[in-house]
>>> print(open('my_file_25.pdb').read())   # PDB, C-alpha atoms
ATOM      1  CA  VAL A   1       0.000   0.000   0.000  1.00  0.00           C
ATOM      2  CA  GLN A   2       1.306   3.454  -0.903  1.00  0.00           C
ATOM      3  CA  LEU A   3      -0.133   6.527   0.748  1.00  0.00           C
ATOM      4  CA  GLN A   4      -0.212  10.088  -0.559  1.00  0.00           C
ATOM      5  CA  ALA A   5      -1.109  12.848   1.888  1.00  0.00           C
ATOM      6  CA  SER A   6      -2.168  16.274   0.662  1.00  0.00           C
ATOM      7  CA  GLY A   7      -4.143  19.349   1.624  1.00  0.00           C
ATOM      8  CA  GLY A   8      -1.731  21.107   3.938  1.00  0.00           C
ATOM      9  CA  GLY A   9      -0.989  24.802   3.712  1.00  0.00           C
ATOM     10  CA  LEU A  10      -0.935  28.120   5.507  1.00  0.00           C
ATOM     11  CA  VAL A  11      -4.077  29.209   7.315  1.00  0.00           C
ATOM     12  CA  GLN A  12      -4.941  31.812   9.915  1.00  0.00           C
ATOM     13  CA  ALA A  13      -5.970  30.814  13.409  1.00  0.00           C
ATOM     14  CA  GLY A  14      -9.632  29.901  13.467  1.00  0.00           C
ATOM     15  CA  GLY A  15      -9.555  28.693   9.895  1.00  0.00           C
ATOM     16  CA  SER A  16     -10.077  25.259   8.403  1.00  0.00           C
ATOM     17  CA  LEU A  17      -8.228  22.770   6.232  1.00  0.00           C
ATOM     18  CA  ARG A  18      -9.068  19.317   4.946  1.00  0.00           C
ATOM     19  CA  LEU A  19      -6.306  16.801   4.549  1.00  0.00           C
ATOM     20  CA  SER A  20      -6.634  13.823   2.237  1.00  0.00           C
ATOM     21  CA  CYS A  21      -4.809  10.520   2.307  1.00  0.00           C
ATOM     22  CA  VAL A  22      -5.153   8.566  -0.921  1.00  0.00           C
ATOM     23  CA  ALA A  23      -4.064   4.945  -0.999  1.00  0.00           C
ATOM     24  CA  SER A  24      -2.990   2.839  -3.903  1.00  0.00           C
ATOM     25  CA  GLY A  25      -3.269  -0.903  -3.884  1.00  0.00           C
ATOM     26  CA  GLN A  26      -6.010  -3.396  -3.405  1.00  0.00           C
ATOM     27  CA  SER A  27      -8.139  -4.104  -0.366  1.00  0.00           C
ATOM     28  CA  PHE A  28      -7.619  -0.679   1.195  1.00  0.00           C
ATOM     29  CA  SER A  29     -11.046  -0.991   2.781  1.00  0.00           C
ATOM     30  CA  ARG A  30      -9.658  -3.502   5.288  1.00  0.00           C
ATOM     31  CA  TYR A  31      -6.979  -1.103   6.505  1.00  0.00           C
ATOM     32  CA  ALA A  32      -7.183   0.966   9.663  1.00  0.00           C
ATOM     33  CA  VAL A  33      -5.820   4.457   9.131  1.00  0.00           C
ATOM     34  CA  GLY A  34      -4.391   7.105  11.389  1.00  0.00           C
ATOM     35  CA  TRP A  35      -3.357  10.719  11.107  1.00  0.00           C
ATOM     36  CA  PHE A  36      -0.253  11.719  13.042  1.00  0.00           C
ATOM     37  CA  ARG A  37       1.546  14.996  13.424  1.00  0.00           C
ATOM     38  CA  GLN A  38       4.995  16.162  14.371  1.00  0.00           C
ATOM     39  CA  ALA A  39       5.780  19.737  15.279  1.00  0.00           C
ATOM     40  CA  PRO A  40       9.343  21.082  15.149  1.00  0.00           C
ATOM     41  CA  GLY A  41      11.325  19.860  18.131  1.00  0.00           C
ATOM     42  CA  LYS A  42       8.506  17.659  19.367  1.00  0.00           C
ATOM     43  CA  GLU A  43       7.702  13.983  19.225  1.00  0.00           C
ATOM     44  CA  ARG A  44       5.202  12.588  16.785  1.00  0.00           C
ATOM     45  CA  GLU A  45       1.722  12.292  18.211  1.00  0.00           C
ATOM     46  CA  THR A  46      -1.499  10.661  17.145  1.00  0.00           C
ATOM     47  CA  ALA A  47      -4.135  13.128  16.022  1.00  0.00           C
ATOM     48  CA  ALA A  48      -6.923  10.795  14.956  1.00  0.00           C
ATOM     49  CA  ALA A  49      -7.572   7.233  13.849  1.00  0.00           C
ATOM     50  CA  ILE A  50     -10.358   5.344  12.122  1.00  0.00           C
ATOM     51  CA  ASN A  51     -11.188   1.677  11.723  1.00  0.00           C
ATOM     52  CA  TRP A  52     -11.660  -0.055   8.396  1.00  0.00           C
ATOM     53  CA  SER A  53     -15.380   0.683   8.078  1.00  0.00           C
ATOM     54  CA  GLY A  54     -15.394   4.181   9.543  1.00  0.00           C
ATOM     55  CA  SER A  55     -17.655   3.114  12.389  1.00  0.00           C
ATOM     56  CA  ARG A  56     -15.101   3.725  15.127  1.00  0.00           C
ATOM     57  CA  THR A  57     -12.838   6.716  15.557  1.00  0.00           C
ATOM     58  CA  TYR A  58     -10.267   8.031  17.993  1.00  0.00           C
ATOM     59  CA  TYR A  59      -9.181  11.613  18.669  1.00  0.00           C
ATOM     60  CA  ALA A  60      -6.425  13.035  20.795  1.00  0.00           C
ATOM     61  CA  ASP A  61      -7.743  15.349  23.491  1.00  0.00           C
ATOM     62  CA  SER A  62      -5.947  18.248  21.839  1.00  0.00           C
ATOM     63  CA  VAL A  63      -8.018  17.952  18.647  1.00  0.00           C
ATOM     64  CA  LYS A  64     -11.297  16.552  19.940  1.00  0.00           C
ATOM     65  CA  ASP A  65     -14.353  18.539  18.846  1.00  0.00           C
ATOM     66  CA  ARG A  66     -12.279  20.382  16.232  1.00  0.00           C
ATOM     67  CA  PHE A  67     -11.024  17.624  13.915  1.00  0.00           C
ATOM     68  CA  THR A  68     -13.050  14.948  12.158  1.00  0.00           C
ATOM     69  CA  ILE A  69     -11.623  11.847  10.538  1.00  0.00           C
ATOM     70  CA  SER A  70     -13.636  10.055   7.873  1.00  0.00           C
ATOM     71  CA  ARG A  71     -13.111   7.710   4.966  1.00  0.00           C
ATOM     72  CA  ASP A  72     -14.506   6.869   1.565  1.00  0.00           C
ATOM     73  CA  ASN A  73     -13.442   3.325   0.786  1.00  0.00           C
ATOM     74  CA  ALA A  74     -14.796   3.549  -2.752  1.00  0.00           C
ATOM     75  CA  LYS A  75     -12.213   6.283  -3.371  1.00  0.00           C
ATOM     76  CA  ASN A  76      -9.446   4.710  -1.265  1.00  0.00           C
ATOM     77  CA  THR A  77      -9.306   7.967   0.661  1.00  0.00           C
ATOM     78  CA  VAL A  78      -9.252   9.020   4.302  1.00  0.00           C
ATOM     79  CA  TYR A  79      -9.886  12.638   5.260  1.00  0.00           C
ATOM     80  CA  LEU A  80      -9.028  14.811   8.217  1.00  0.00           C
ATOM     81  CA  GLN A  81     -11.261  17.849   8.468  1.00  0.00           C
ATOM     82  CA  MET A  82      -9.590  20.398  10.711  1.00  0.00           C
ATOM     83  CA  ASN A  83     -11.647  23.309  12.035  1.00  0.00           C
ATOM     84  CA  SER A  84     -10.924  26.085  14.516  1.00  0.00           C
ATOM     85  CA  LEU A  85      -7.231  25.689  13.876  1.00  0.00           C
ATOM     86  CA  LYS A  86      -4.761  26.996  16.429  1.00  0.00           C
ATOM     87  CA  PRO A  87      -1.093  27.938  16.070  1.00  0.00           C
ATOM     88  CA  GLU A  88      -0.240  24.862  18.150  1.00  0.00           C
ATOM     89  CA  ASP A  89      -1.705  22.680  15.390  1.00  0.00           C
ATOM     90  CA  THR A  90       1.248  23.666  13.211  1.00  0.00           C
ATOM     91  CA  ALA A  91       3.050  20.459  12.250  1.00  0.00           C
ATOM     92  CA  VAL A  92       3.797  18.022   9.486  1.00  0.00           C
ATOM     93  CA  TYR A  93       0.826  15.699   9.243  1.00  0.00           C
ATOM     94  CA  TYR A  94       1.278  12.090   8.193  1.00  0.00           C
ATOM     95  CA  CYS A  95      -1.232   9.400   7.381  1.00  0.00           C
ATOM     96  CA  ALA A  96      -0.506   5.768   8.047  1.00  0.00           C
ATOM     97  CA  ALA A  97      -2.260   2.482   7.419  1.00  0.00           C
ATOM     98  CA  VAL A  98      -2.220  -1.050   8.767  1.00  0.00           C
ATOM     99  CA  ASP A  99      -4.067  -4.145   7.618  1.00  0.00           C
ATOM    100  CA  SER A 100      -6.640  -4.612  10.344  1.00  0.00           C
ATOM    101  CA  LYS A 101      -8.102  -7.750   8.731  1.00  0.00           C
ATOM    102  CA  TYR A 102     -11.540  -6.259   9.348  1.00  0.00           C
ATOM    103  CA  MET A 103     -11.097  -6.055  13.107  1.00  0.00           C
ATOM    104  CA  SER A 104     -13.503  -3.477  14.456  1.00  0.00           C
ATOM    105  CA  LYS A 105     -11.156  -1.395  16.567  1.00  0.00           C
ATOM    106  CA  TYR A 106      -9.151   1.606  15.406  1.00  0.00           C
ATOM    107  CA  VAL A 107      -5.366   1.637  15.874  1.00  0.00           C
ATOM    108  CA  SER A 108      -4.059   4.608  17.813  1.00  0.00           C
ATOM    109  CA  GLN A 109      -0.403   3.726  18.405  1.00  0.00           C
ATOM    110  CA  SER A 110       2.010   4.793  15.686  1.00  0.00           C
ATOM    111  CA  GLU A 111       4.281   1.789  16.221  1.00  0.00           C
ATOM    112  CA  ASP A 112       1.464  -0.500  15.121  1.00  0.00           C
ATOM    113  CA  TYR A 113       1.249   1.014  11.644  1.00  0.00           C
ATOM    114  CA  GLU A 114       2.880  -0.582   8.609  1.00  0.00           C
ATOM    115  CA  TYR A 115       2.647   1.996   5.845  1.00  0.00           C
ATOM    116  CA  TRP A 116       3.295   5.731   5.969  1.00  0.00           C
ATOM    117  CA  GLY A 117       2.695   8.629   3.636  1.00  0.00           C
ATOM    118  CA  GLN A 118       5.190  11.407   2.996  1.00  0.00           C
ATOM    119  CA  GLY A 119       3.601  14.106   5.156  1.00  0.00           C
ATOM    120  CA  THR A 120       1.956  17.429   4.432  1.00  0.00           C
ATOM    121  CA  LEU A 121       2.817  20.659   6.234  1.00  0.00           C
ATOM    122  CA  VAL A 122       0.124  22.588   8.075  1.00  0.00           C
ATOM    123  CA  THR A 123       1.037  26.071   9.288  1.00  0.00           C
ATOM    124  CA  VAL A 124      -1.387  28.066  11.395  1.00  0.00           C
ATOM    125  CA  SER A 125      -0.573  31.733  11.869  1.00  0.00           C
ATOM    126  CA  SER A 126      -1.756  33.731  14.852  1.00  0.00           C
TER     127      SER A 126
END
>>> encode(input="my_file_25.pdb", output="C-alpha cells")
Amino acid sequence: VQLQASGGGLVQAGGSLRLSCVASGQSFSRYAVGWFRQAPGKERETAAAINWSGSRTYYADSVKDRFTISRDNAKNTVYLQMNSLKPEDTAVYYCAAVDSKYMSKYVSQSEDYEYWGQGTLVTVSS
C-alpha cells in the first residue's frame, strides 16, 4: 500500500483545512488508518484514527471537537477535516495504514502502523 497525503498549507488561526490521504493498492477498505503529526522539536503524536469501516474513531484530546476523521473506501481515501485551527496545530501531518483484517477497533499507536505517507505541512498563523 502506498499513501499520498495532501491538503496542507498556511491558514490563519480559526480557519479550516481538509487533509486527504489517498491509498494505492487493493483491499484498502480492510486497513485501519491514522493521522499523526509532528511539530518542530517535538515527538510525533497521534491526532486521529479510524477503523476499516469508519464506524469507530479516535481523537487526541488536543483535537477533539475540532477535527473529524472520515473515509470513503470507494475512493481509497481518508480525510481529516480540521476546524478552529490553532497555532499549536502547526506540524507536518502524516497518514498511516495497517491491515486490520476487518477487526472493528481503530489503531491509535504509531508503532502499530505498517505503511506511511510522505507528510503534508500545516502552518497556522496567529
>>> closest_atom_pairs(input="my_file_25.pdb", of="segment 37-75 of chain A", to="segment 113-119 of chain A", cutoff="12 Å", atoms="only C-alpha atoms", output="tab-separated table")
residue	atom	partner	partner_atom	distance
A:Arg37	CA	A:Gly119	CA	8.6
A:Gln38	CA	A:Gly119	CA	9.5
A:Ala39	CA	A:Gly119	CA	11.8
A:Arg44	CA	A:Gly119	CA	11.8
A:Thr46	CA	A:Tyr113	CA	11.4
A:Ala49	CA	A:Tyr113	CA	11.0
>>> residues_around(input="my_file_25.pdb", residues="Ser125 of chain A", least_positions_apart="4", cutoff="7 Å", atoms="all atoms listed in the file", output="NGL selection string")
:A and (11-13 or 87)
>>> closest_residue(input="my_file_25.pdb", among="A:Leu3, A:Ile69, A:Ala60, A:Ile50", to="Met103 of chain A", atoms="only C-alpha atoms")
A:Ile50
>>> closest_residue(input="my_file_25.pdb", among="A:Ser110, A:Glu45, A:Trp52, A:Asn76", to="Gly25 of chain A", atoms="only C-alpha atoms")
A:Asn76
>>> closest_residue(input="my_file_25.pdb", among="A:Ser53, A:Val1, A:Ala97, A:Ala48", to="Asp72 of chain A", atoms="all atoms listed in the file")
A:Ser53
>>> axis_aligned_box(input="my_file_25.pdb", around="segment 108-126 of chain A", padding_each_side="6 Å", output="lines of an AutoDock Vina configuration file")
center_x = 0.6
center_y = 16.6
center_z = 10.7
size_x = 21.2
size_y = 46.3
size_z = 27.4
>>> closest_residue(input="my_file_25.pdb", among="A:Val124, A:Glu88, A:Gln26, A:Tyr106", to="Tyr58 of chain A", atoms="only C-alpha atoms")
A:Tyr106
>>> atom_distance(input="my_file_25.pdb", atom1="atom CA of Tyr94 of chain A", atom2="atom CA of Asp65 of chain A")
20.0 Å
>>> closest_residue(input="my_file_25.pdb", among="A:Gln109, A:Ser126, A:Thr90, A:Ser100", to="Gly41 of chain A", atoms="all atoms listed in the file")
A:Thr90
>>> closest_residue(input="my_file_25.pdb", among="A:Val92, A:Ala32, A:Ala23, A:Ala47", to="Leu80 of chain A", atoms="all atoms listed in the file")
A:Ala47
>>> atom_distance(input="my_file_25.pdb", atom1="atom CA of Gly8 of chain A", atom2="atom CA of Leu85 of chain A")
12.2 Å
>>> atom_distance(input="my_file_25.pdb", atom1="atom CA of Ser108 of chain A", atom2="atom CA of Gly7 of chain A")
21.9 Å
>>> resolve_selection(input="my_file_25.pdb", expression="the PyMOL selection byres ((chain A and resi 75) around 10)", output="PyMOL selection string")
chain A and resi 22-24+28-29+71-74+76-78
>>> residues_around(input="my_file_25.pdb", residues="Arg18 of chain A", least_positions_apart="2", cutoff="10 Å", atoms="only C-alpha atoms", output="list in words")
Ser6, Gly7, Gly8, Gly9, Ser16, Ser20, Phe67, Thr68, Ile69, Tyr79, Leu80, Gln81, Met82 and Asn83 of chain A
>>> residues_around(input="my_file_25.pdb", residues="Asn51 of chain A", least_positions_apart="5", cutoff="7 Å", atoms="all atoms listed in the file", output="ChimeraX atom specification")
/A:32-33,56-57,104-106
>>> decode(input="my_file_25.pdb", residues="segment 57-70 of chain A", atoms="all heavy atoms", output="PDB file, in the first residue's frame")
ATOM      1  N   THR A  57     -13.871   5.703  15.714  1.00  0.00           N
ATOM      2  CA  THR A  57     -12.838   6.716  15.557  1.00  0.00           C
ATOM      3  C   THR A  57     -12.208   7.058  16.897  1.00  0.00           C
ATOM      4  O   THR A  57     -12.795   6.825  17.956  1.00  0.00           O
ATOM      5  CB  THR A  57     -13.414   8.015  14.948  1.00  0.00           C
ATOM      6  OG1 THR A  57     -14.492   8.481  15.771  1.00  0.00           O
ATOM      7  CG2 THR A  57     -13.910   7.786  13.536  1.00  0.00           C
ATOM      8  N   TYR A  58     -11.010   7.600  16.805  1.00  0.00           N
ATOM      9  CA  TYR A  58     -10.267   8.031  17.993  1.00  0.00           C
ATOM     10  C   TYR A  58      -9.741   9.438  17.725  1.00  0.00           C
ATOM     11  O   TYR A  58      -9.317   9.743  16.593  1.00  0.00           O
ATOM     12  CB  TYR A  58      -9.095   7.090  18.243  1.00  0.00           C
ATOM     13  CG  TYR A  58      -8.055   7.664  19.185  1.00  0.00           C
ATOM     14  CD1 TYR A  58      -8.181   7.549  20.552  1.00  0.00           C
ATOM     15  CD2 TYR A  58      -6.955   8.357  18.671  1.00  0.00           C
ATOM     16  CE1 TYR A  58      -7.235   8.100  21.406  1.00  0.00           C
ATOM     17  CE2 TYR A  58      -6.011   8.906  19.513  1.00  0.00           C
ATOM     18  CZ  TYR A  58      -6.156   8.778  20.878  1.00  0.00           C
ATOM     19  OH  TYR A  58      -5.220   9.337  21.710  1.00  0.00           O
ATOM     20  N   TYR A  59      -9.746  10.270  18.778  1.00  0.00           N
ATOM     21  CA  TYR A  59      -9.181  11.613  18.669  1.00  0.00           C
ATOM     22  C   TYR A  59      -8.325  11.902  19.899  1.00  0.00           C
ATOM     23  O   TYR A  59      -8.707  11.575  21.026  1.00  0.00           O
ATOM     24  CB  TYR A  59     -10.275  12.669  18.579  1.00  0.00           C
ATOM     25  CG  TYR A  59     -11.141  12.544  17.354  1.00  0.00           C
ATOM     26  CD1 TYR A  59     -12.356  11.882  17.398  1.00  0.00           C
ATOM     27  CD2 TYR A  59     -10.731  13.082  16.146  1.00  0.00           C
ATOM     28  CE1 TYR A  59     -13.138  11.747  16.272  1.00  0.00           C
ATOM     29  CE2 TYR A  59     -11.515  12.967  15.006  1.00  0.00           C
ATOM     30  CZ  TYR A  59     -12.717  12.285  15.077  1.00  0.00           C
ATOM     31  OH  TYR A  59     -13.489  12.165  13.950  1.00  0.00           O
ATOM     32  N   ALA A  60      -7.205  12.536  19.672  1.00  0.00           N
ATOM     33  CA  ALA A  60      -6.425  13.035  20.795  1.00  0.00           C
ATOM     34  C   ALA A  60      -7.222  14.147  21.476  1.00  0.00           C
ATOM     35  O   ALA A  60      -8.003  14.857  20.815  1.00  0.00           O
ATOM     36  CB  ALA A  60      -5.087  13.574  20.301  1.00  0.00           C
ATOM     37  N   ASP A  61      -7.023  14.310  22.759  1.00  0.00           N
ATOM     38  CA  ASP A  61      -7.743  15.349  23.491  1.00  0.00           C
ATOM     39  C   ASP A  61      -7.505  16.730  22.891  1.00  0.00           C
ATOM     40  O   ASP A  61      -8.390  17.582  22.895  1.00  0.00           O
ATOM     41  CB  ASP A  61      -7.318  15.353  24.957  1.00  0.00           C
ATOM     42  CG  ASP A  61      -7.859  14.147  25.714  1.00  0.00           C
ATOM     43  OD1 ASP A  61      -8.814  13.505  25.218  1.00  0.00           O
ATOM     44  OD2 ASP A  61      -7.327  13.844  26.794  1.00  0.00           O
ATOM     45  N   SER A  62      -6.320  16.931  22.361  1.00  0.00           N
ATOM     46  CA  SER A  62      -5.947  18.248  21.839  1.00  0.00           C
ATOM     47  C   SER A  62      -6.707  18.628  20.572  1.00  0.00           C
ATOM     48  O   SER A  62      -6.757  19.814  20.206  1.00  0.00           O
ATOM     49  CB  SER A  62      -4.442  18.300  21.560  1.00  0.00           C
ATOM     50  OG  SER A  62      -4.071  17.269  20.656  1.00  0.00           O
ATOM     51  N   VAL A  63      -7.303  17.647  19.896  1.00  0.00           N
ATOM     52  CA  VAL A  63      -8.018  17.952  18.647  1.00  0.00           C
ATOM     53  C   VAL A  63      -9.498  17.607  18.721  1.00  0.00           C
ATOM     54  O   VAL A  63     -10.246  17.907  17.781  1.00  0.00           O
ATOM     55  CB  VAL A  63      -7.379  17.222  17.448  1.00  0.00           C
ATOM     56  CG1 VAL A  63      -5.884  17.500  17.382  1.00  0.00           C
ATOM     57  CG2 VAL A  63      -7.648  15.721  17.468  1.00  0.00           C
ATOM     58  N   LYS A  64      -9.908  16.981  19.803  1.00  0.00           N
ATOM     59  CA  LYS A  64     -11.297  16.552  19.940  1.00  0.00           C
ATOM     60  C   LYS A  64     -12.238  17.745  19.801  1.00  0.00           C
ATOM     61  O   LYS A  64     -11.969  18.831  20.307  1.00  0.00           O
ATOM     62  CB  LYS A  64     -11.473  15.878  21.298  1.00  0.00           C
ATOM     63  CG  LYS A  64     -12.664  14.950  21.410  1.00  0.00           C
ATOM     64  CD  LYS A  64     -12.598  14.158  22.690  1.00  0.00           C
ATOM     65  CE  LYS A  64     -11.456  13.187  22.690  1.00  0.00           C
ATOM     66  NZ  LYS A  64     -11.414  12.337  23.901  1.00  0.00           N
ATOM     67  N   ASP A  65     -13.315  17.533  19.110  1.00  0.00           N
ATOM     68  CA  ASP A  65     -14.353  18.539  18.846  1.00  0.00           C
ATOM     69  C   ASP A  65     -13.940  19.579  17.816  1.00  0.00           C
ATOM     70  O   ASP A  65     -14.725  20.479  17.497  1.00  0.00           O
ATOM     71  CB  ASP A  65     -14.777  19.257  20.127  1.00  0.00           C
ATOM     72  CG  ASP A  65     -15.372  18.321  21.161  1.00  0.00           C
ATOM     73  OD1 ASP A  65     -16.046  17.358  20.753  1.00  0.00           O
ATOM     74  OD2 ASP A  65     -15.147  18.543  22.358  1.00  0.00           O
ATOM     75  N   ARG A  66     -12.724  19.474  17.296  1.00  0.00           N
ATOM     76  CA  ARG A  66     -12.279  20.382  16.232  1.00  0.00           C
ATOM     77  C   ARG A  66     -11.933  19.632  14.948  1.00  0.00           C
ATOM     78  O   ARG A  66     -12.142  20.153  13.851  1.00  0.00           O
ATOM     79  CB  ARG A  66     -11.056  21.181  16.688  1.00  0.00           C
ATOM     80  CG  ARG A  66     -11.292  22.062  17.892  1.00  0.00           C
ATOM     81  CD  ARG A  66     -10.094  22.956  18.165  1.00  0.00           C
ATOM     82  NE  ARG A  66      -8.882  22.201  18.455  1.00  0.00           N
ATOM     83  CZ  ARG A  66      -7.762  22.281  17.745  1.00  0.00           C
ATOM     84  NH1 ARG A  66      -7.698  23.092  16.695  1.00  0.00           N
ATOM     85  NH2 ARG A  66      -6.689  21.564  18.082  1.00  0.00           N
ATOM     86  N   PHE A  67     -11.415  18.427  15.070  1.00  0.00           N
ATOM     87  CA  PHE A  67     -11.024  17.624  13.915  1.00  0.00           C
ATOM     88  C   PHE A  67     -12.024  16.482  13.728  1.00  0.00           C
ATOM     89  O   PHE A  67     -12.569  15.952  14.697  1.00  0.00           O
ATOM     90  CB  PHE A  67      -9.639  17.014  14.126  1.00  0.00           C
ATOM     91  CG  PHE A  67      -8.492  17.996  14.091  1.00  0.00           C
ATOM     92  CD1 PHE A  67      -8.684  19.359  14.118  1.00  0.00           C
ATOM     93  CD2 PHE A  67      -7.178  17.520  14.027  1.00  0.00           C
ATOM     94  CE1 PHE A  67      -7.616  20.253  14.091  1.00  0.00           C
ATOM     95  CE2 PHE A  67      -6.105  18.392  13.999  1.00  0.00           C
ATOM     96  CZ  PHE A  67      -6.336  19.751  14.044  1.00  0.00           C
ATOM     97  N   THR A  68     -12.205  16.097  12.475  1.00  0.00           N
ATOM     98  CA  THR A  68     -13.050  14.948  12.158  1.00  0.00           C
ATOM     99  C   THR A  68     -12.349  14.077  11.136  1.00  0.00           C
ATOM    100  O   THR A  68     -11.952  14.564  10.063  1.00  0.00           O
ATOM    101  CB  THR A  68     -14.405  15.400  11.589  1.00  0.00           C
ATOM    102  OG1 THR A  68     -15.066  16.249  12.530  1.00  0.00           O
ATOM    103  CG2 THR A  68     -15.290  14.188  11.303  1.00  0.00           C
ATOM    104  N   ILE A  69     -12.203  12.800  11.461  1.00  0.00           N
ATOM    105  CA  ILE A  69     -11.623  11.847  10.538  1.00  0.00           C
ATOM    106  C   ILE A  69     -12.760  11.060   9.893  1.00  0.00           C
ATOM    107  O   ILE A  69     -13.740  10.709  10.546  1.00  0.00           O
ATOM    108  CB  ILE A  69     -10.614  10.914  11.244  1.00  0.00           C
ATOM    109  CG1 ILE A  69      -9.853  10.057  10.234  1.00  0.00           C
ATOM    110  CG2 ILE A  69     -11.285  10.066  12.316  1.00  0.00           C
ATOM    111  CD1 ILE A  69      -8.688   9.280  10.838  1.00  0.00           C
ATOM    112  N   SER A  70     -12.621  10.812   8.597  1.00  0.00           N
ATOM    113  CA  SER A  70     -13.636  10.055   7.873  1.00  0.00           C
ATOM    114  C   SER A  70     -12.957   9.333   6.715  1.00  0.00           C
ATOM    115  O   SER A  70     -11.787   9.596   6.401  1.00  0.00           O
ATOM    116  CB  SER A  70     -14.744  10.983   7.360  1.00  0.00           C
ATOM    117  OG  SER A  70     -14.218  11.931   6.438  1.00  0.00           O
TER     118      SER A  70
END
